[in-house]
>>> print(open('start.txt').read())   # compact mmCIF, C-alpha atoms
# COMPACT_ATOMS: atom_id res chain seq x y z
CA GLN A 133 98.05 141.68 176.80
CA GLN A 134 100.46 139.10 175.36
CA LYS A 135 103.14 140.53 173.05
CA VAL A 136 104.86 138.15 170.66
CA GLN A 137 107.81 139.40 168.60
CA GLN A 138 109.87 137.61 165.96
CA SER A 139 113.36 138.23 164.64
CA PRO A 140 114.74 138.71 162.14
CA GLU A 141 111.98 140.24 160.02
CA SER A 142 113.44 138.61 156.89
CA LEU A 143 116.31 136.31 156.10
CA ILE A 144 118.09 135.00 153.01
CA VAL A 145 120.20 131.84 153.37
CA PRO A 146 121.94 129.57 150.83
CA GLU A 147 120.65 126.06 150.20
CA GLY A 148 122.10 123.61 152.72
CA ALA A 149 122.63 126.22 155.46
CA MET A 150 121.31 126.12 159.02
CA THR A 151 118.52 128.66 159.59
CA SER A 152 117.62 130.03 163.02
CA LEU A 153 114.41 131.94 163.73
CA ASN A 154 113.58 133.61 167.05
CA CYS A 155 110.43 134.36 168.99
CA THR A 156 110.01 136.27 172.27
CA PHE A 157 106.83 136.49 174.32
CA SER A 158 105.79 138.66 177.24
CA ASP A 159 103.62 136.47 179.49
CA SER A 160 105.51 133.95 181.61
CA ALA A 161 102.26 132.00 182.18
CA SER A 162 102.24 130.93 178.50
CA GLN A 163 101.91 127.17 178.14
CA TYR A 164 101.86 126.26 174.43
CA PHE A 165 104.46 127.25 171.88
CA ALA A 166 104.29 126.47 168.19
CA TRP A 167 105.69 127.33 164.78
CA TYR A 168 103.56 127.64 161.65
CA ARG A 169 104.69 128.00 158.06
CA GLN A 170 102.82 129.89 155.34
CA HIS A 171 103.80 129.58 151.69
CA SER A 172 102.88 132.52 149.47
CA GLY A 173 99.13 132.70 148.85
CA LYS A 174 98.43 129.66 151.03
CA ALA A 175 97.00 128.99 154.48
CA PRO A 176 99.35 128.77 157.48
CA LYS A 177 100.12 125.18 158.51
CA ALA A 178 101.47 123.93 161.82
CA LEU A 179 105.07 122.73 161.77
CA MET A 180 105.65 121.65 165.36
CA SER A 181 104.86 122.57 168.94
CA ILE A 182 106.32 122.24 172.44
CA PHE A 183 104.89 122.57 175.94
CA SER A 184 107.83 122.31 178.32
CA ASN A 185 111.36 123.70 178.50
CA GLY A 186 113.95 122.03 176.36
CA GLU A 187 114.33 120.85 172.82
CA LYS A 188 112.21 118.86 170.38
CA GLU A 189 113.40 117.58 167.01
CA GLU A 190 111.35 116.42 164.04
CA GLY A 191 113.36 115.67 160.92
CA ARG A 192 115.27 118.78 159.86
CA PHE A 193 113.37 121.01 162.32
CA THR A 194 114.23 121.65 165.99
CA ILE A 195 112.43 123.81 168.55
CA HIS A 196 114.20 125.21 171.63
CA LEU A 197 112.13 126.64 174.48
CA ASN A 198 113.43 128.65 177.44
CA LYS A 199 110.46 129.90 179.46
CA ALA A 200 112.64 131.78 181.98
CA SER A 201 114.05 133.97 179.21
CA LEU A 202 110.64 134.19 177.47
CA HIS A 203 112.21 132.91 174.27
CA PHE A 204 111.81 130.04 171.84
CA SER A 205 113.38 129.35 168.50
CA LEU A 206 113.12 127.23 165.37
CA HIS A 207 116.20 125.79 163.69
CA ILE A 208 116.11 124.34 160.20
CA ARG A 209 118.99 122.06 159.27
CA ASP A 210 120.00 121.70 155.58
CA SER A 211 117.62 124.46 154.42
CA GLN A 212 115.90 123.81 151.07
CA PRO A 213 114.35 126.21 148.52
CA SER A 214 110.98 124.63 149.40
CA ASP A 215 111.45 126.00 152.95
CA SER A 216 111.08 129.55 151.54
CA ALA A 217 107.98 130.90 153.29
CA LEU A 218 106.65 133.15 156.05
CA TYR A 219 107.30 131.57 159.47
CA LEU A 220 104.94 132.44 162.31
CA CYS A 221 105.44 131.63 165.97
CA ALA A 222 102.39 131.17 168.20
CA VAL A 223 101.97 131.33 171.97
CA SER A 224 98.92 130.37 174.01
CA ILE A 225 97.45 130.77 177.46
CA ASP A 226 93.71 131.10 176.89
CA LYS A 227 93.94 132.13 173.23
CA VAL A 228 96.51 131.70 170.49
CA VAL A 229 98.54 134.84 169.74
CA PHE A 230 100.83 134.90 166.73
CA GLY A 231 104.10 136.74 166.21
CA THR A 232 105.02 139.36 163.66
CA GLY A 233 106.45 136.82 161.18
CA THR A 234 109.86 136.08 159.61
CA ARG A 235 110.11 135.81 155.83
CA LEU A 236 112.69 133.18 154.86
CA GLN A 237 114.18 132.85 151.40
CA VAL A 238 116.48 129.92 150.62
CA SER A 239 118.54 130.53 147.51
CA PRO A 240 119.55 127.54 145.32
CA GLY B 85 90.52 114.76 157.46
CA GLY B 86 88.51 117.93 157.60
CA ILE B 87 88.39 121.20 155.79
CA ILE B 88 87.73 124.86 156.53
CA THR B 89 85.85 126.76 153.86
CA GLN B 90 85.87 130.55 153.76
CA THR B 91 83.48 132.55 151.59
CA PRO B 92 83.81 134.66 149.63
CA LYS B 93 87.44 134.38 148.52
CA PHE B 94 87.38 138.07 147.52
CA LEU B 95 85.01 140.62 149.04
CA ILE B 96 84.80 144.03 147.39
CA GLY B 97 82.90 146.77 149.12
CA GLN B 98 82.62 150.52 149.41
CA GLU B 99 83.98 152.61 152.23
CA GLY B 100 81.48 152.71 155.10
CA GLN B 101 79.69 149.56 153.96
CA LYS B 102 78.88 146.66 156.30
CA LEU B 103 80.49 143.46 154.98
CA THR B 104 80.29 139.85 156.19
CA LEU B 105 82.75 136.97 155.84
CA LYS B 106 81.72 133.37 156.47
CA CYS B 107 83.61 130.31 157.67
CA GLN B 108 82.53 126.66 157.85
CA GLN B 109 84.47 123.74 159.36
CA ASN B 110 83.72 120.01 159.27
CA PHE B 111 86.37 118.95 161.84
CA ASN B 112 83.73 119.10 164.61
CA HIS B 113 86.14 121.40 166.49
CA ASP B 114 84.95 123.38 169.51
CA THR B 115 87.04 126.51 169.01
CA MET B 116 87.08 128.85 166.04
CA TYR B 117 89.12 132.00 165.35
CA TRP B 118 89.23 135.01 163.05
CA TYR B 119 92.63 136.59 162.33
CA ARG B 120 93.60 139.51 160.14
CA GLN B 121 96.82 139.43 158.09
CA ASP B 122 98.16 142.63 156.53
CA SER B 123 100.54 142.41 153.55
CA GLY B 124 102.05 138.99 154.36
CA LYS B 125 102.86 139.93 157.95
CA GLY B 126 101.86 138.37 161.26
CA LEU B 127 98.33 137.39 162.30
CA ARG B 128 96.27 139.56 164.64
CA LEU B 129 93.39 138.01 166.57
CA ILE B 130 90.00 139.66 166.01
CA TYR B 131 87.53 137.28 167.69
CA TYR B 132 87.46 133.71 168.87
CA SER B 133 84.73 131.38 170.09
CA ILE B 134 85.16 128.37 172.38
CA THR B 135 81.74 126.89 171.68
CA GLU B 136 78.43 127.58 169.94
CA ASN B 137 77.03 131.03 170.88
CA ASP B 138 80.23 132.02 172.69
CA LEU B 139 82.25 135.08 171.61
CA GLN B 140 85.58 136.32 172.97
CA LYS B 141 87.30 139.52 171.83
CA GLY B 142 90.84 139.51 170.55
CA ASP B 143 93.25 142.44 170.42
CA LEU B 144 91.74 143.84 167.20
CA SER B 145 87.98 143.51 167.81
CA GLU B 146 87.05 147.20 167.46
CA GLY B 147 85.18 147.75 164.21
CA TYR B 148 84.18 144.09 163.91
CA ASP B 149 81.29 141.89 165.06
CA ALA B 150 81.20 138.10 165.09
CA SER B 151 78.56 135.39 165.31
CA ARG B 152 78.72 131.66 166.17
CA GLU B 153 75.18 130.35 165.81
CA LYS B 154 76.27 126.80 165.01
CA LYS B 155 79.29 124.76 166.08
CA SER B 156 80.38 124.41 162.46
CA SER B 157 80.18 128.06 161.42
CA PHE B 158 81.68 131.37 162.48
CA SER B 159 81.02 134.66 160.69
CA LEU B 160 82.80 138.00 160.89
CA THR B 161 81.23 141.36 160.04
CA VAL B 162 83.18 144.50 159.25
CA THR B 163 80.78 147.11 160.63
CA SER B 164 82.02 150.04 158.48
CA ALA B 165 84.68 149.14 155.92
CA GLN B 166 87.69 151.45 155.71
CA LYS B 167 90.41 151.59 153.04
CA ASN B 168 93.14 151.04 155.64
CA GLU B 169 91.74 147.65 156.59
CA MET B 170 92.23 145.98 153.25
CA ALA B 171 93.77 142.69 154.31
CA VAL B 172 93.40 138.93 154.22
CA PHE B 173 91.09 137.51 156.87
CA LEU B 174 91.91 134.00 158.04
CA CYS B 175 89.52 131.65 159.81
CA ALA B 176 90.89 128.77 161.90
CA SER B 177 89.60 126.03 164.18
CA SER B 178 91.05 123.78 166.87
CA ILE B 179 89.75 120.94 169.05
CA ARG B 180 89.88 123.14 172.14
CA THR B 181 91.29 126.57 172.92
CA HIS B 182 94.51 125.72 174.70
CA GLY B 183 97.42 123.76 173.41
CA ASN B 184 95.94 122.42 170.21
CA THR B 185 96.92 122.82 166.58
CA LEU B 186 95.02 125.41 164.57
CA TYR B 187 93.76 124.48 161.11
CA PHE B 188 93.30 127.41 158.74
CA GLY B 189 91.11 128.22 155.78
CA GLU B 190 92.61 129.69 152.60
CA GLY B 191 91.57 133.22 153.53
CA SER B 192 89.24 135.95 152.30
CA ARG B 193 90.73 139.11 150.81
CA LEU B 194 88.88 142.33 151.61
CA ILE B 195 89.10 145.13 149.03
CA VAL B 196 87.60 148.51 149.89
CA VAL B 197 87.00 150.96 147.04
>>> encode(input="start.txt", output="structure tokens")
Amino acid sequence: QQKVQQSPESLIVPEGAMTSLNCTFSDSASQYFAWYRQHSGKAPKALMSIFSNGEKEEGRFTIHLNKASLHFSLHIRDSQPSDSALYLCAVSIDKVVFGTGTRLQVSP
Amino acid sequence: GGIITQTPKFLIGQEGQKLTLKCQQNFNHDTMYWYRQDSGKGLRLIYYSITENDLQKGDLSEGYDASREKKSSFSLTVTSAQKNEMAVFLCASSIRTHGNTLYFGEGSRLIVV
């Protein structure tokens, strides 16, 4: 049974800071890794995904994946108050399993 | 673009009652999911379906039934509502099961009195 854990549970950063969110998973056969963002009272929406080891950048967002250490992360450059939300990592083999969530607050 | 519609937005029922949530998608996606979200925390998979009439259990399936009679719809039944399962239930769909983006509905909030 896949276990997906996120850290930290919550985070407050000042506007303009770099934010780093972490996700660990238990099944080394996992093949799809993604981050979703959920603003308060809204539906989760996909941010970005990665399939193979390494790094992928889209705008202010970067994913790092290290399958050997069962770890991937999301980095947000120049964090904005509009980035304040619940961040969910997701891992998939045959089904998509989500992590425990990290609540990010960016203070102006 | 497509949309996922969940009904009702709020479902109020009594303890022990059987309650049903419905989900419709017009993406023409093969795979549909039901997740439960407690108090703004992570999502836990209840059931998913890879095609019409298929059902696969998630980690949280006990106490729930699901039905996928049409490709576009997926329903979830709480077989005996309990006060400790008041939560938001999220429906999602994707083109296929593996490696594809999930698109979510706005959620249905279950309130048990």
>>> closest_atom_pairs(input="start.txt", of="chain A", to="chain B", cutoff="9 Å", atoms="only C-alpha atoms", output="CSV")
residue,atom,partner,partner_atom,distance
A:Gln133,CA,B:Asp143,CA,8.0
A:Gln163,CA,B:Gly183,CA,7.4
A:Tyr164,CA,B:Gly183,CA,5.2
A:Phe165,CA,B:Gly183,CA,8.0
A:Ala166,CA,B:Thr185,CA,8.4
A:Ser172,CA,B:Gly124,CA,8.2
A:Gly173,CA,B:Glu190,CA,8.1
A:Lys174,CA,B:Glu190,CA,6.0
A:Ala175,CA,B:Glu190,CA,4.8
A:Pro176,CA,B:Phe188,CA,6.3
A:Lys177,CA,B:Tyr187,CA,6.9
A:Ala178,CA,B:Thr185,CA,6.7
A:Met180,CA,B:Thr185,CA,8.9
A:Ser181,CA,B:Thr185,CA,8.3
A:Phe183,CA,B:Gly183,CA,8.0
A:Leu218,CA,B:Gly124,CA,7.6
A:Tyr219,CA,B:Gly126,CA,8.9
A:Leu220,CA,B:Gly126,CA,6.8
A:Cys221,CA,B:Gly126,CA,9.0
A:Val223,CA,B:Gly183,CA,8.9
A:Ser224,CA,B:His182,CA,6.4
A:Ile225,CA,B:His182,CA,6.5
A:Asp226,CA,B:His182,CA,5.9
A:Lys227,CA,B:Thr181,CA,6.2
A:Val228,CA,B:His182,CA,7.6
A:Val229,CA,B:Leu129,CA,6.8
A:Phe230,CA,B:Leu127,CA,5.7
A:Gly231,CA,B:Gly126,CA,5.7
A:Thr232,CA,B:Gly126,CA,4.1
A:Gly233,CA,B:Gly126,CA,4.8
A:Thr234,CA,B:Lys125,CA,8.2
A:Arg235,CA,B:Lys125,CA,8.6
>>> closest_residue(input="start.txt", among="A:His171, A:Ser162, A:Leu153, A:Gly191", to="Lys135 of chain A", atoms="only C-alpha atoms")
A:Ser162
>>> residues_around(input="start.txt", residues="Gly97 of chain B", least_positions_apart="3", cutoff="7 Å", atoms="all atoms listed in the file", output="ChimeraX atom specification")
/B:101,195-197
>>> residues_around(input="start.txt", residues="segment 155-163 of chain B", least_positions_apart="5", cutoff="6 Å", atoms="all atoms listed in the file", output="list in words")
Lys102, Leu103, Thr104, Leu105, Lys106, Cys107, Gln108, Gln109, Glu136, Gly147, Tyr148, Asp149 and Ala150 of chain B
>>> closest_residue(input="start.txt", among="B:Leu139, B:Leu95, B:Ile88, B:Leu144", to="Val172 of chain B", atoms="all atoms listed in the file")
B:Leu95
>>> residues_around(input="start.txt", residues="segment 140-148 of chain A", least_positions_apart="2", cutoff="7 Å", atoms="all atoms listed in the file", output="mmCIF file with C-alpha atoms, in the frame of the given file")
data_model
loop_
_atom_site.group_PDB
_atom_site.id
_atom_site.type_symbol
_atom_site.label_atom_id
_atom_site.label_comp_id
_atom_site.auth_asym_id
_atom_site.auth_seq_id
_atom_site.Cartn_x
_atom_site.Cartn_y
_atom_site.Cartn_z
ATOM 1 C CA GLN A 138 109.870 137.610 165.960
ATOM 2 C CA MET A 150 121.310 126.120 159.020
ATOM 3 C CA LEU A 153 114.410 131.940 163.730
ATOM 4 C CA ASP A 210 120.000 121.700 155.580
ATOM 5 C CA SER A 211 117.620 124.460 154.420
ATOM 6 C CA GLN A 212 115.900 123.810 151.070
ATOM 7 C CA PRO A 213 114.350 126.210 148.520
ATOM 8 C CA GLY A 233 106.450 136.820 161.180
ATOM 9 C CA THR A 234 109.860 136.080 159.610
ATOM 10 C CA ARG A 235 110.110 135.810 155.830
ATOM 11 C CA LEU A 236 112.690 133.180 154.860
ATOM 12 C CA GLN A 237 114.180 132.850 151.400
ATOM 13 C CA VAL A 238 116.480 129.920 150.620
ATOM 14 C CA SER A 239 118.540 130.530 147.510
ATOM 15 C CA PRO A 240 119.550 127.540 145.320
#
>>> atom_distance(input="start.txt", atom1="atom CA of Asp159 of chain A", atom2="atom CA of Glu187 of chain A")
20.1 Å
>>> closest_residue(input="start.txt", among="A:Ala222, A:Ala217, A:Leu202, A:Ile208", to="Ser160 of chain A", atoms="all atoms listed in the file")
A:Leu202
>>> atom_distance(input="start.txt", atom1="atom CA of Glu99 of chain B", atom2="atom CA of Met116 of chain B")
27.7 Å
>>> closest_residue(input="start.txt", among="B:Gln98, B:Asn137, B:Ser145, B:Asn168", to="Trp118 of chain B", atoms="only C-alpha atoms")
B:Ser145
>>> build_atoms(input="start.txt", residues="segment 212-227 of chain A", atoms="N, CA and C atoms", output="PDB file, in the frame of the given file")
ATOM      1  N   GLN A 212     116.221 124.092 152.471  1.00  0.00           N
ATOM      2  CA  GLN A 212     115.900 123.810 151.070  1.00  0.00           C
ATOM      3  C   GLN A 212     115.092 124.962 150.473  1.00  0.00           C
ATOM      4  N   PRO A 213     115.176 125.153 149.149  1.00  0.00           N
ATOM      5  CA  PRO A 213     114.350 126.210 148.520  1.00  0.00           C
ATOM      6  C   PRO A 213     112.867 126.069 148.854  1.00  0.00           C
ATOM      7  N   SER A 214     112.390 124.848 149.050  1.00  0.00           N
ATOM      8  CA  SER A 214     110.980 124.630 149.400  1.00  0.00           C
ATOM      9  C   SER A 214     110.648 125.124 150.818  1.00  0.00           C
ATOM     10  N   ASP A 215     111.682 125.436 151.615  1.00  0.00           N
ATOM     11  CA  ASP A 215     111.450 126.000 152.950  1.00  0.00           C
ATOM     12  C   ASP A 215     111.165 127.502 152.884  1.00  0.00           C
ATOM     13  N   SER A 216     111.337 128.107 151.707  1.00  0.00           N
ATOM     14  CA  SER A 216     111.080 129.550 151.540  1.00  0.00           C
ATOM     15  C   SER A 216     109.602 129.812 151.822  1.00  0.00           C
ATOM     16  N   ALA A 217     109.353 130.664 152.827  1.00  0.00           N
ATOM     17  CA  ALA A 217     107.980 130.900 153.290  1.00  0.00           C
ATOM     18  C   ALA A 217     107.999 131.956 154.394  1.00  0.00           C
ATOM     19  N   LEU A 218     106.800 132.303 154.855  1.00  0.00           N
ATOM     20  CA  LEU A 218     106.650 133.150 156.050  1.00  0.00           C
ATOM     21  C   LEU A 218     106.502 132.212 157.250  1.00  0.00           C
ATOM     22  N   TYR A 219     107.345 132.399 158.266  1.00  0.00           N
ATOM     23  CA  TYR A 219     107.300 131.570 159.470  1.00  0.00           C
ATOM     24  C   TYR A 219     106.670 132.377 160.609  1.00  0.00           C
ATOM     25  N   LEU A 220     105.684 131.772 161.256  1.00  0.00           N
ATOM     26  CA  LEU A 220     104.940 132.440 162.310  1.00  0.00           C
ATOM     27  C   LEU A 220     105.056 131.650 163.604  1.00  0.00           C
ATOM     28  N   CYS A 221     105.465 132.314 164.684  1.00  0.00           N
ATOM     29  CA  CYS A 221     105.440 131.630 165.970  1.00  0.00           C
ATOM     30  C   CYS A 221     104.101 131.918 166.652  1.00  0.00           C
ATOM     31  N   ALA A 222     103.685 131.031 167.515  1.00  0.00           N
ATOM     32  CA  ALA A 222     102.390 131.170 168.200  1.00  0.00           C
ATOM     33  C   ALA A 222     102.548 130.782 169.658  1.00  0.00           C
ATOM     34  N   VAL A 223     101.892 131.544 170.526  1.00  0.00           N
ATOM     35  CA  VAL A 223     101.970 131.330 171.970  1.00  0.00           C
ATOM     36  C   VAL A 223     100.547 131.337 172.533  1.00  0.00           C
ATOM     37  N   SER A 224     100.291 130.478 173.513  1.00  0.00           N
ATOM     38  CA  SER A 224      98.920 130.370 174.010  1.00  0.00           C
ATOM     39  C   SER A 224      98.858 130.270 175.532  1.00  0.00           C
ATOM     40  N   ILE A 225      97.921 131.029 176.102  1.00  0.00           N
ATOM     41  CA  ILE A 225      97.450 130.770 177.460  1.00  0.00           C
ATOM     42  C   ILE A 225      95.983 130.384 177.297  1.00  0.00           C
ATOM     43  N   ASP A 226      95.121 131.390 177.138  1.00  0.00           N
ATOM     44  CA  ASP A 226      93.710 131.100 176.890  1.00  0.00           C
ATOM     45  C   ASP A 226      93.342 131.268 175.425  1.00  0.00           C
ATOM     46  N   LYS A 227      94.174 131.923 174.655  1.00  0.00           N
ATOM     47  CA  LYS A 227      93.940 132.130 173.230  1.00  0.00           C
ATOM     48  C   LYS A 227      95.281 132.080 172.524  1.00  0.00           C
TER      49      LYS A 227
END
